[in-house]
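Structure data (PDB, C-alpha atoms, pLDDT in the B column) from final_34.pdb:
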```pdb
ATOM      1  CA  MET A 770     -32.895 -14.467 -17.456  1.00 91.00           C
ATOM      2  CA  ARG A 771     -34.231 -13.658 -14.009  1.00 94.00           C
ATOM      3  CA  SER A 772     -37.746 -12.220 -13.838  1.00 96.00           C
ATOM      4  CA  ILE A 773     -39.408  -9.941 -11.314  1.00 95.00           C
ATOM      5  CA  LYS A 774     -43.198  -9.934 -11.120  1.00 94.00           C
ATOM      6  CA  VAL A 775     -45.127  -7.061  -9.585  1.00 93.00           C
ATOM      7  CA  HIS A 776     -48.835  -6.421  -9.409  1.00 91.00           C
ATOM      8  CA  THR A 777     -48.770  -2.647  -9.806  1.00 91.00           C
ATOM      9  CA  THR A 778     -46.071  -0.122 -10.646  1.00 91.00           C
ATOM     10  CA  ASN A 779     -46.053   3.323 -12.186  1.00 88.00           C
ATOM     11  CA  SER A 780     -43.872   2.200 -15.089  1.00 90.00           C
ATOM     12  CA  THR A 781     -41.776  -0.925 -15.574  1.00 94.00           C
ATOM     13  CA  ASN A 782     -39.060   1.213 -17.174  1.00 95.00           C
ATOM     14  CA  LEU A 783     -38.960   3.448 -14.094  1.00 94.00           C
ATOM     15  CA  PHE A 784     -38.985   0.372 -11.862  1.00 94.00           C
ATOM     16  CA  LEU A 785     -35.977  -1.103 -13.661  1.00 95.00           C
ATOM     17  CA  ARG A 786     -34.181   2.228 -13.715  1.00 94.00           C
ATOM     18  CA  GLY A 787     -34.359   2.335  -9.920  1.00 94.00           C
ATOM     19  CA  TYR A 788     -33.469  -1.337  -9.621  1.00 95.00           C
ATOM     20  CA  TYR A 789     -30.386  -0.886 -11.795  1.00 94.00           C
ATOM     21  CA  ARG A 790     -29.331   2.198  -9.849  1.00 93.00           C
ATOM     22  CA  ASN A 791     -29.363   0.152  -6.626  1.00 93.00           C
ATOM     23  CA  HIS A 792     -28.033  -3.130  -8.046  1.00 92.00           C
ATOM     24  CA  LYS A 793     -25.227  -2.217 -10.431  1.00 87.00           C
ATOM     25  CA  ALA A 794     -23.769  -5.721 -10.236  1.00 91.00           C
ATOM     26  CA  CYS A 795     -27.042  -7.468 -11.121  1.00 94.00           C
ATOM     27  CA  ASP A 796     -27.418  -9.815 -14.071  1.00 96.00           C
ATOM     28  CA  ASN A 797     -29.824  -9.144 -16.921  1.00 98.00           C
ATOM     29  CA  VAL A 798     -33.384  -9.109 -15.640  1.00 98.00           C
ATOM     30  CA  TYR A 799     -36.911  -8.280 -16.727  1.00 98.00           C
ATOM     31  CA  VAL A 800     -39.834  -6.978 -14.720  1.00 97.00           C
ATOM     32  CA  LEU A 801     -43.411  -7.898 -15.558  1.00 95.00           C
ATOM     33  CA  ALA A 802     -46.321  -5.839 -14.208  1.00 92.00           C
ATOM     34  CA  GLU A 803     -49.969  -6.787 -14.118  1.00 87.00           C
ATOM     35  CA  LYS A 804     -50.868  -3.108 -13.982  1.00 84.00           C
ATOM     36  CA  GLN A 805     -49.014   0.099 -14.860  1.00 81.00           C
ATOM     37  CA  THR A 806     -50.387   3.375 -13.544  1.00 80.00           C
ATOM     38  CA  ALA A 807     -48.168   5.568 -15.729  1.00 68.00           C
ATOM     39  CA  GLY A 808     -46.894   3.424 -18.572  1.00 60.00           C
ATOM     40  CA  LYS A 809     -44.855   5.443 -21.048  1.00 54.00           C
ATOM     41  CA  GLY A 810     -44.600   5.503 -24.823  1.00 53.00           C
ATOM     42  CA  GLN A 811     -42.294   7.455 -27.096  1.00 46.00           C
ATOM     43  CA  MET A 812     -41.596  11.072 -26.094  1.00 44.00           C
ATOM     44  CA  GLY A 813     -43.751  10.920 -22.966  1.00 48.00           C
ATOM     45  CA  THR A 814     -46.952   9.582 -24.525  1.00 50.00           C
ATOM     46  CA  VAL A 815     -49.055   7.207 -22.408  1.00 54.00           C
ATOM     47  CA  TRP A 816     -49.424   3.471 -22.998  1.00 54.00           C
ATOM     48  CA  TYR A 817     -52.884   2.219 -21.952  1.00 59.00           C
ATOM     49  CA  ALA A 818     -53.463  -1.473 -21.223  1.00 64.00           C
ATOM     50  CA  GLU A 819     -56.378  -3.316 -19.641  1.00 78.00           C
ATOM     51  CA  GLU A 820     -55.231  -4.802 -16.346  1.00 81.00           C
ATOM     52  CA  GLY A 821     -54.202  -8.456 -16.461  1.00 88.00           C
ATOM     53  CA  LYS A 822     -54.822  -8.901 -20.181  1.00 94.00           C
ATOM     54  CA  ASN A 823     -51.762  -7.459 -21.867  1.00 94.00           C
ATOM     55  CA  LEU A 824     -48.005  -7.506 -21.530  1.00 95.00           C
ATOM     56  CA  THR A 825     -46.405  -4.499 -19.879  1.00 92.00           C
ATOM     57  CA  PHE A 826     -42.805  -5.310 -19.091  1.00 95.00           C
ATOM     58  CA  SER A 827     -39.236  -4.059 -19.335  1.00 97.00           C
ATOM     59  CA  VAL A 828     -35.918  -5.786 -19.914  1.00 98.00           C
ATOM     60  CA  LEU A 829     -32.530  -4.697 -18.556  1.00 98.00           C
ATOM     61  CA  ILE A 830     -29.657  -5.792 -20.777  1.00 98.00           C
ATOM     62  CA  LYS A 831     -26.116  -5.065 -19.640  1.00 97.00           C
ATOM     63  CA  GLU A 832     -22.706  -5.321 -21.286  1.00 96.00           C
ATOM     64  CA  ILE A 833     -23.907  -3.981 -24.615  1.00 97.00           C
ATOM     65  CA  ASP A 834     -21.229  -2.793 -27.019  1.00 95.00           C
ATOM     66  CA  ILE A 835     -22.899  -0.479 -29.537  1.00 97.00           C
ATOM     67  CA  LEU A 836     -21.633   2.970 -30.482  1.00 97.00           C
ATOM     68  CA  LEU A 837     -23.879   5.849 -29.430  1.00 96.00           C
ATOM     69  CA  GLU A 838     -23.616   7.240 -32.946  1.00 96.00           C
ATOM     70  CA  GLU A 839     -25.193   3.968 -34.162  1.00 97.00           C
ATOM     71  CA  GLN A 840     -27.791   3.707 -31.412  1.00 96.00           C
ATOM     72  CA  PHE A 841     -30.611   2.930 -33.836  1.00 98.00           C
ATOM     73  CA  LYS A 842     -29.008  -0.478 -34.374  1.00 98.00           C
ATOM     74  CA  LEU A 843     -30.302  -1.468 -30.930  1.00 98.00           C
ATOM     75  CA  SER A 844     -33.803  -0.167 -31.667  1.00 98.00           C
ATOM     76  CA  ALA A 845     -33.902  -2.116 -34.928  1.00 98.00           C
ATOM     77  CA  LEU A 846     -32.673  -5.324 -33.277  1.00 98.00           C
ATOM     78  CA  VAL A 847     -35.349  -5.062 -30.581  1.00 98.00           C
ATOM     79  CA  ALA A 848     -38.166  -4.446 -33.079  1.00 98.00           C
ATOM     80  CA  LEU A 849     -37.012  -7.344 -35.233  1.00 98.00           C
ATOM     81  CA  SER A 850     -36.847  -9.574 -32.152  1.00 98.00           C
ATOM     82  CA  VAL A 851     -40.474  -8.806 -31.297  1.00 98.00           C
ATOM     83  CA  ILE A 852     -41.487  -9.634 -34.860  1.00 98.00           C
ATOM     84  CA  GLU A 853     -39.491 -12.891 -34.683  1.00 98.00           C
ATOM     85  CA  VAL A 854     -41.443 -14.012 -31.614  1.00 98.00           C
ATOM     86  CA  LEU A 855     -44.809 -13.009 -33.096  1.00 98.00           C
ATOM     87  CA  GLU A 856     -44.066 -14.726 -36.396  1.00 98.00           C
ATOM     88  CA  ALA A 857     -43.248 -17.905 -34.464  1.00 98.00           C
ATOM     89  CA  ILE A 858     -46.826 -17.936 -33.116  1.00 97.00           C
ATOM     90  CA  GLU A 859     -48.171 -17.240 -36.617  1.00 96.00           C
ATOM     91  CA  ILE A 860     -49.296 -13.640 -36.301  1.00 98.00           C
ATOM     92  CA  PRO A 861     -49.689 -12.485 -39.927  1.00 97.00           C
ATOM     93  CA  LYS A 862     -48.813  -9.324 -41.855  1.00 98.00           C
ATOM     94  CA  LEU A 863     -46.347  -7.908 -39.337  1.00 98.00           C
ATOM     95  CA  GLN A 864     -44.623  -4.596 -40.040  1.00 98.00           C
ATOM     96  CA  ILE A 865     -42.620  -1.957 -38.204  1.00 98.00           C
ATOM     97  CA  LYS A 866     -43.869   1.625 -38.207  1.00 97.00           C
ATOM     98  CA  TRP A 867     -40.899   3.920 -37.698  1.00 97.00           C
ATOM     99  CA  PRO A 868     -39.221   3.960 -35.327  1.00 96.00           C
ATOM    100  CA  ASN A 869     -40.344   0.756 -33.607  1.00 95.00           C
ATOM    101  CA  ASP A 870     -44.111   0.341 -33.319  1.00 96.00           C
ATOM    102  CA  ILE A 871     -45.189  -3.143 -34.354  1.00 98.00           C
ATOM    103  CA  LEU A 872     -48.231  -3.464 -36.622  1.00 98.00           C
ATOM    104  CA  ALA A 873     -50.278  -6.507 -37.560  1.00 98.00           C
ATOM    105  CA  ASP A 874     -52.237  -5.938 -40.772  1.00 96.00           C
ATOM    106  CA  LYS A 875     -51.675  -2.188 -40.259  1.00 96.00           C
ATOM    107  CA  HIS A 876     -53.117  -2.228 -36.730  1.00 97.00           C
ATOM    108  CA  LYS A 877     -50.854  -1.390 -33.788  1.00 96.00           C
ATOM    109  CA  ILE A 878     -50.132  -4.368 -31.594  1.00 97.00           C
ATOM    110  CA  SER A 879     -46.975  -3.360 -29.732  1.00 97.00           C
ATOM    111  CA  GLY A 880     -44.988  -0.318 -28.680  1.00 95.00           C
ATOM    112  CA  ILE A 881     -41.357  -0.143 -27.601  1.00 96.00           C
ATOM    113  CA  LEU A 882     -39.562   2.431 -25.454  1.00 95.00           C
ATOM    114  CA  ILE A 883     -35.783   2.180 -25.112  1.00 97.00           C
ATOM    115  CA  GLU A 884     -33.717   4.095 -22.550  1.00 96.00           C
ATOM    116  CA  ASN A 885     -29.973   3.648 -22.888  1.00 96.00           C
ATOM    117  CA  VAL A 886     -27.154   4.003 -20.376  1.00 94.00           C
ATOM    118  CA  ALA A 887     -23.980   5.289 -22.030  1.00 94.00           C
ATOM    119  CA  VAL A 888     -20.377   4.949 -20.957  1.00 93.00           C
ATOM    120  CA  GLY A 889     -18.124   7.136 -23.052  1.00 94.00           C
ATOM    121  CA  ALA A 890     -19.052   6.781 -26.708  1.00 96.00           C
ATOM    122  CA  LYS A 891     -20.888   3.486 -26.304  1.00 96.00           C
ATOM    123  CA  ILE A 892     -24.175   2.114 -25.052  1.00 97.00           C
ATOM    124  CA  ASN A 893     -23.311   0.011 -22.032  1.00 94.00           C
ATOM    125  CA  ALA A 894     -26.762  -0.997 -20.810  1.00 96.00           C
ATOM    126  CA  SER A 895     -30.333  -0.545 -21.932  1.00 98.00           C
ATOM    127  CA  ILE A 896     -33.793  -0.641 -20.396  1.00 98.00           C
ATOM    128  CA  ILE A 897     -36.224  -1.853 -23.045  1.00 98.00           C
ATOM    129  CA  GLY A 898     -39.902  -1.323 -22.304  1.00 97.00           C
ATOM    130  CA  ILE A 899     -42.462  -3.283 -24.289  1.00 96.00           C
ATOM    131  CA  GLY A 900     -46.218  -3.032 -24.363  1.00 94.00           C
ATOM    132  CA  LEU A 901     -47.914  -5.864 -26.244  1.00 97.00           C
ATOM    133  CA  ASN A 902     -51.674  -6.215 -26.638  1.00 96.00           C
ATOM    134  CA  VAL A 903     -52.419  -9.851 -25.945  1.00 97.00           C
ATOM    135  CA  ASN A 904     -55.784 -10.954 -24.544  1.00 96.00           C
ATOM    136  CA  GLN A 905     -57.679  -7.652 -24.583  1.00 94.00           C
ATOM    137  CA  LEU A 906     -60.328  -7.727 -27.320  1.00 93.00           C
ATOM    138  CA  LEU A 907     -61.929  -4.281 -27.266  1.00 89.00           C
ATOM    139  CA  PHE A 908     -60.114  -0.971 -27.694  1.00 89.00           C
ATOM    140  CA  ALA A 909     -62.609   1.882 -27.333  1.00 83.00           C
ATOM    141  CA  ASN A 910     -62.069   4.738 -29.784  1.00 83.00           C
ATOM    142  CA  LEU A 911     -58.862   3.139 -31.076  1.00 86.00           C
ATOM    143  CA  PRO A 912     -59.808   1.758 -34.507  1.00 88.00           C
ATOM    144  CA  LYS A 913     -56.218   1.039 -35.534  1.00 93.00           C
ATOM    145  CA  VAL A 914     -55.269  -1.031 -32.501  1.00 95.00           C
ATOM    146  CA  THR A 915     -55.468  -4.813 -32.199  1.00 96.00           C
ATOM    147  CA  SER A 916     -54.230  -7.724 -30.081  1.00 97.00           C
ATOM    148  CA  LEU A 917     -53.022 -11.274 -30.476  1.00 98.00           C
ATOM    149  CA  GLY A 918     -56.350 -12.574 -29.204  1.00 97.00           C
ATOM    150  CA  ALA A 919     -58.374 -10.387 -31.549  1.00 96.00           C
ATOM    151  CA  ILE A 920     -56.372 -11.683 -34.508  1.00 97.00           C
ATOM    152  CA  THR A 921     -56.301 -15.386 -33.698  1.00 97.00           C
ATOM    153  CA  GLY A 922     -59.213 -15.963 -31.316  1.00 97.00           C
ATOM    154  CA  LYS A 923     -56.786 -17.590 -28.862  1.00 97.00           C
ATOM    155  CA  GLN A 924     -55.801 -16.801 -25.283  1.00 97.00           C
ATOM    156  CA  TYR A 925     -52.100 -16.491 -24.491  1.00 97.00           C
ATOM    157  CA  ASP A 926     -50.036 -17.009 -21.355  1.00 97.00           C
ATOM    158  CA  LEU A 927     -48.506 -13.608 -20.558  1.00 96.00           C
ATOM    159  CA  GLU A 928     -45.583 -14.979 -18.569  1.00 96.00           C
ATOM    160  CA  VAL A 929     -44.589 -17.414 -21.312  1.00 97.00           C
ATOM    161  CA  LEU A 930     -44.686 -14.624 -23.894  1.00 97.00           C
ATOM    162  CA  ALA A 931     -42.662 -12.263 -21.710  1.00 97.00           C
ATOM    163  CA  GLU A 932     -39.970 -14.886 -21.124  1.00 98.00           C
ATOM    164  CA  LYS A 933     -39.747 -15.665 -24.841  1.00 98.00           C
ATOM    165  CA  LEU A 934     -39.517 -11.997 -25.786  1.00 98.00           C
ATOM    166  CA  ALA A 935     -36.913 -11.173 -23.134  1.00 98.00           C
ATOM    167  CA  ASN A 936     -34.708 -14.121 -24.082  1.00 98.00           C
ATOM    168  CA  THR A 937     -35.031 -13.472 -27.826  1.00 98.00           C
ATOM    169  CA  ILE A 938     -34.110  -9.802 -27.410  1.00 98.00           C
ATOM    170  CA  GLU A 939     -31.116 -10.679 -25.213  1.00 98.00           C
ATOM    171  CA  THR A 940     -29.908 -13.350 -27.657  1.00 98.00           C
ATOM    172  CA  ASN A 941     -30.246 -11.141 -30.731  1.00 98.00           C
ATOM    173  CA  VAL A 942     -28.614  -8.095 -29.156  1.00 98.00           C
ATOM    174  CA  TYR A 943     -25.544 -10.078 -28.095  1.00 98.00           C
ATOM    175  CA  LYS A 944     -25.404 -12.107 -31.312  1.00 98.00           C
ATOM    176  CA  LYS A 945     -25.930  -9.270 -33.777  1.00 98.00           C
ATOM    177  CA  GLN A 946     -24.631  -6.115 -32.093  1.00 97.00           C
ATOM    178  CA  LYS A 947     -21.338  -6.407 -33.981  1.00 96.00           C
ATOM    179  CA  GLN A 948     -22.982  -6.869 -37.356  1.00 97.00           C
ATOM    180  CA  PRO A 949     -22.464  -3.891 -39.684  1.00 97.00           C
ATOM    181  CA  LEU A 950     -25.185  -1.311 -39.202  1.00 97.00           C
ATOM    182  CA  GLY A 951     -26.124  -1.685 -42.865  1.00 97.00           C
ATOM    183  CA  THR A 952     -26.825  -5.398 -42.386  1.00 98.00           C
ATOM    184  CA  VAL A 953     -29.145  -4.723 -39.446  1.00 98.00           C
ATOM    185  CA  LEU A 954     -30.909  -1.900 -41.304  1.00 98.00           C
ATOM    186  CA  ASP A 955     -31.418  -4.068 -44.388  1.00 98.00           C
ATOM    187  CA  ALA A 956     -33.365  -6.548 -42.235  1.00 98.00           C
ATOM    188  CA  TYR A 957     -35.262  -3.657 -40.632  1.00 98.00           C
ATOM    189  CA  TYR A 958     -36.195  -2.162 -44.017  1.00 98.00           C
ATOM    190  CA  GLN A 959     -37.732  -5.458 -45.105  1.00 98.00           C
ATOM    191  CA  LYS A 960     -40.365  -4.944 -42.400  1.00 98.00           C
ATOM    192  CA  LEU A 961     -40.592  -1.134 -42.466  1.00 98.00           C
ATOM    193  CA  LEU A 962     -43.974   0.322 -43.403  1.00 97.00           C
ATOM    194  CA  GLY A 963     -43.625   2.740 -46.308  1.00 95.00           C
ATOM    195  CA  TYR A 964     -40.013   1.971 -47.155  1.00 98.00           C
ATOM    196  CA  LYS A 965     -39.355   3.152 -50.714  1.00 97.00           C
ATOM    197  CA  LYS A 966     -43.098   3.637 -51.224  1.00 97.00           C
ATOM    198  CA  VAL A 967     -45.122   6.805 -51.653  1.00 96.00           C
ATOM    199  CA  ALA A 968     -47.031   7.621 -48.470  1.00 96.00           C
ATOM    200  CA  THR A 969     -48.684  10.573 -46.739  1.00 96.00           C
ATOM    201  CA  TYR A 970     -47.275  12.155 -43.594  1.00 96.00           C
ATOM    202  CA  LYS A 971     -48.611  14.802 -41.252  1.00 96.00           C
ATOM    203  CA  LEU A 972     -46.682  17.531 -39.447  1.00 95.00           C
ATOM    204  CA  PRO A 973     -47.622  18.780 -35.942  1.00 94.00           C
ATOM    205  CA  SER A 974     -48.992  21.922 -37.647  1.00 95.00           C
ATOM    206  CA  GLY A 975     -51.533  19.786 -39.499  1.00 94.00           C
ATOM    207  CA  GLU A 976     -49.807  20.182 -42.851  1.00 94.00           C
ATOM    208  CA  SER A 977     -49.681  17.021 -44.968  1.00 95.00           C
ATOM    209  CA  LEU A 978     -46.663  15.867 -46.945  1.00 94.00           C
ATOM    210  CA  VAL A 979     -46.242  13.171 -49.552  1.00 96.00           C
ATOM    211  CA  GLY A 980     -42.896  11.425 -49.446  1.00 96.00           C
ATOM    212  CA  ILE A 981     -40.884   8.241 -49.700  1.00 97.00           C
ATOM    213  CA  ILE A 982     -38.785   6.765 -46.889  1.00 98.00           C
ATOM    214  CA  THR A 983     -35.272   6.400 -48.275  1.00 98.00           C
ATOM    215  CA  LYS A 984     -33.479   5.464 -45.056  1.00 97.00           C
ATOM    216  CA  VAL A 985     -33.295   5.709 -41.297  1.00 98.00           C
ATOM    217  CA  THR A 986     -30.084   7.315 -40.045  1.00 97.00           C
ATOM    218  CA  PRO A 987     -27.723   5.622 -37.558  1.00 97.00           C
ATOM    219  CA  SER A 988     -29.133   7.830 -34.785  1.00 95.00           C
ATOM    220  CA  GLY A 989     -32.740   7.087 -35.767  1.00 97.00           C
ATOM    221  CA  PHE A 990     -33.882  10.046 -37.866  1.00 97.00           C
ATOM    222  CA  LEU A 991     -36.328   9.339 -40.691  1.00 98.00           C
ATOM    223  CA  ASN A 992     -35.101  10.417 -44.127  1.00 98.00           C
ATOM    224  CA  LEU A 993     -37.945  11.349 -46.501  1.00 97.00           C
ATOM    225  CA  ALA A 994     -37.657  12.156 -50.180  1.00 97.00           C
ATOM    226  CA  LEU A 995     -40.191  14.936 -50.736  1.00 95.00           C
ATOM    227  CA  GLU A 996     -41.188  16.520 -54.024  1.00 90.00           C
ATOM    228  CA  THR A 997     -38.338  19.020 -54.136  1.00 89.00           C
ATOM    229  CA  GLN A 998     -35.886  17.893 -51.444  1.00 94.00           C
ATOM    230  CA  GLU A 999     -34.830  15.222 -48.980  1.00 95.00           C
ATOM    231  CA  LYS A1000     -35.436  16.001 -45.328  1.00 96.00           C
ATOM    232  CA  GLN A1001     -34.802  14.328 -41.980  1.00 97.00           C
ATOM    233  CA  PHE A1002     -37.321  14.125 -39.158  1.00 97.00           C
ATOM    234  CA  ALA A1003     -37.004  13.185 -35.495  1.00 96.00           C
ATOM    235  CA  ILE A1004     -39.577  11.226 -33.516  1.00 90.00           C
ATOM    236  CA  LYS A1005     -42.793  13.254 -33.078  1.00 87.00           C
ATOM    237  CA  GLU A1006     -41.786  15.750 -35.766  1.00 95.00           C
ATOM    238  CA  ILE A1007     -43.859  13.823 -38.287  1.00 95.00           C
ATOM    239  CA  LYS A1008     -46.655  11.265 -38.262  1.00 94.00           C
ATOM    240  CA  GLN A1009     -47.037   8.556 -40.857  1.00 94.00           C
ATOM    241  CA  LEU A1010     -50.622   8.074 -42.056  1.00 93.00           C
ATOM    242  CA  TYR A1011     -51.668   4.567 -43.014  1.00 88.00           C
TER     243      TYR A1011
END
```
Can the structure from this file be put into structure tokens for me?
Amino acid sequence: MRSIKVHTTNSTNLFLRGYYRNHKACDNVYVLAEKQTAGKGQMGTVWYAEEGKNLTFSVLIKEIDILLEEQFKLSALVALSVIEVLEAIEIPKLQIKWPNDILADKHKISGILIENVAVGAKINASIIGIGLNVNQLLFANLPKVTSLGAITGKQYDLEVLAEKLANTIETNVYKKQKQPLGTVLDAYYQKLLGYKKVATYKLPSGESLVGIITKVTPSGFLNLALETQEKQFAIKEIKQLY
């Protein structure tokens, strides 16, 4: 896959969005930035990364064939692809925190932001933004954040990691996009923090709930079995405590 390297950009997702708008006939590509000035997380949150020490990049994948009503299949495949790459370099105790944060020993190591382009009832293309903490060792006031280097004591080549991640995501999306949604979700559940286990959750109001994750819906809602009912939650409607 072709790569584009930039020193500074506001957001690699925004960069690729503009690139795709102006190059509709382009092949799959990923853009790697040394510095993001406005990196984005889920629902407009900010992704902070120390310049030159972490991966901040986005992948454009075209010719996807996934139904919009099953869009979480893509999210699950991307998260599982990141775990596949990290397991290959022996990062231990990897889990997914719904919807697609990657944890190592219950410390956040990676965040994923997916922006899809739909044609009719299907996803046709996707811009997949990934932040991965790599060589940064200190995270001020972020006790539940870690990096590859902090875990292993090693330094990693950012460009090699980005290429491996981009190619693994591309391969898995094309190879597995036609698998039944249930098959993809079964693999996702094996890595999902709190799946079929009692855990505590917090609402934006500050109220705490105790529940059990029973499933994630095809569109990505979290289904929790609470004391008296089952209820679905969208991203940012509930926070999992761990």
Do a neighbour search on segment 853-859 of chain A at 8 Å with only C-alpha atoms, toss out local chain neighbours closer than 6 positions, and write the hits as number ranges by chain. A: 933-934, 937
May I have the residues within 12 Å of segment 792-795 of chain A as a PyMOL selection string, using all atoms listed in the file and disregarding those fewer than 5 positions away in the same chain? chain A and resi 770-771+785-787+829-832+886+893-894
Neighbour list for segment 863-865 of chain A as a PDB file with C-alpha atoms, keeping the file's coordinate frame, cut-off 9 Å, all atoms listed in the file, skip fewer than 6 positions in-chain:
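Saved as part-v6.pdb:
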```pdb
ATOM      1  CA  ALA A 848     -38.166  -4.446 -33.079  1.00 98.00           C
ATOM      2  CA  LEU A 849     -37.012  -7.344 -35.233  1.00 98.00           C
ATOM      3  CA  ILE A 852     -41.487  -9.634 -34.860  1.00 98.00           C
ATOM      4  CA  LEU A 855     -44.809 -13.009 -33.096  1.00 98.00           C
ATOM      5  CA  GLU A 856     -44.066 -14.726 -36.396  1.00 98.00           C
ATOM      6  CA  ILE A 871     -45.189  -3.143 -34.354  1.00 98.00           C
ATOM      7  CA  LEU A 872     -48.231  -3.464 -36.622  1.00 98.00           C
ATOM      8  CA  ALA A 873     -50.278  -6.507 -37.560  1.00 98.00           C
ATOM      9  CA  ASP A 874     -52.237  -5.938 -40.772  1.00 96.00           C
ATOM     10  CA  LYS A 875     -51.675  -2.188 -40.259  1.00 96.00           C
ATOM     11  CA  TYR A 957     -35.262  -3.657 -40.632  1.00 98.00           C
ATOM     12  CA  TYR A 958     -36.195  -2.162 -44.017  1.00 98.00           C
ATOM     13  CA  GLN A 959     -37.732  -5.458 -45.105  1.00 98.00           C
ATOM     14  CA  LYS A 960     -40.365  -4.944 -42.400  1.00 98.00           C
ATOM     15  CA  LEU A 961     -40.592  -1.134 -42.466  1.00 98.00           C
ATOM     16  CA  LEU A 962     -43.974   0.322 -43.403  1.00 97.00           C
TER      17      LEU A 962
END
```
In Å, how far is it from atom CA of Asn823 of chain A to atom CA of Pro868 of chain A? 21.7 Å
Using all atoms listed in the file, can you tell me which of A:Lys842, A:Lys862, A:Lys1005, A:Lys822 comes closest to Gln948 of chain A? A:Lys842
Evaluate the PyMOL selection byres ((chain A and resi 982-988) around 6) and report residues as a PyMOL selection string: chain A and resi 838-841+964-965+981+989-993
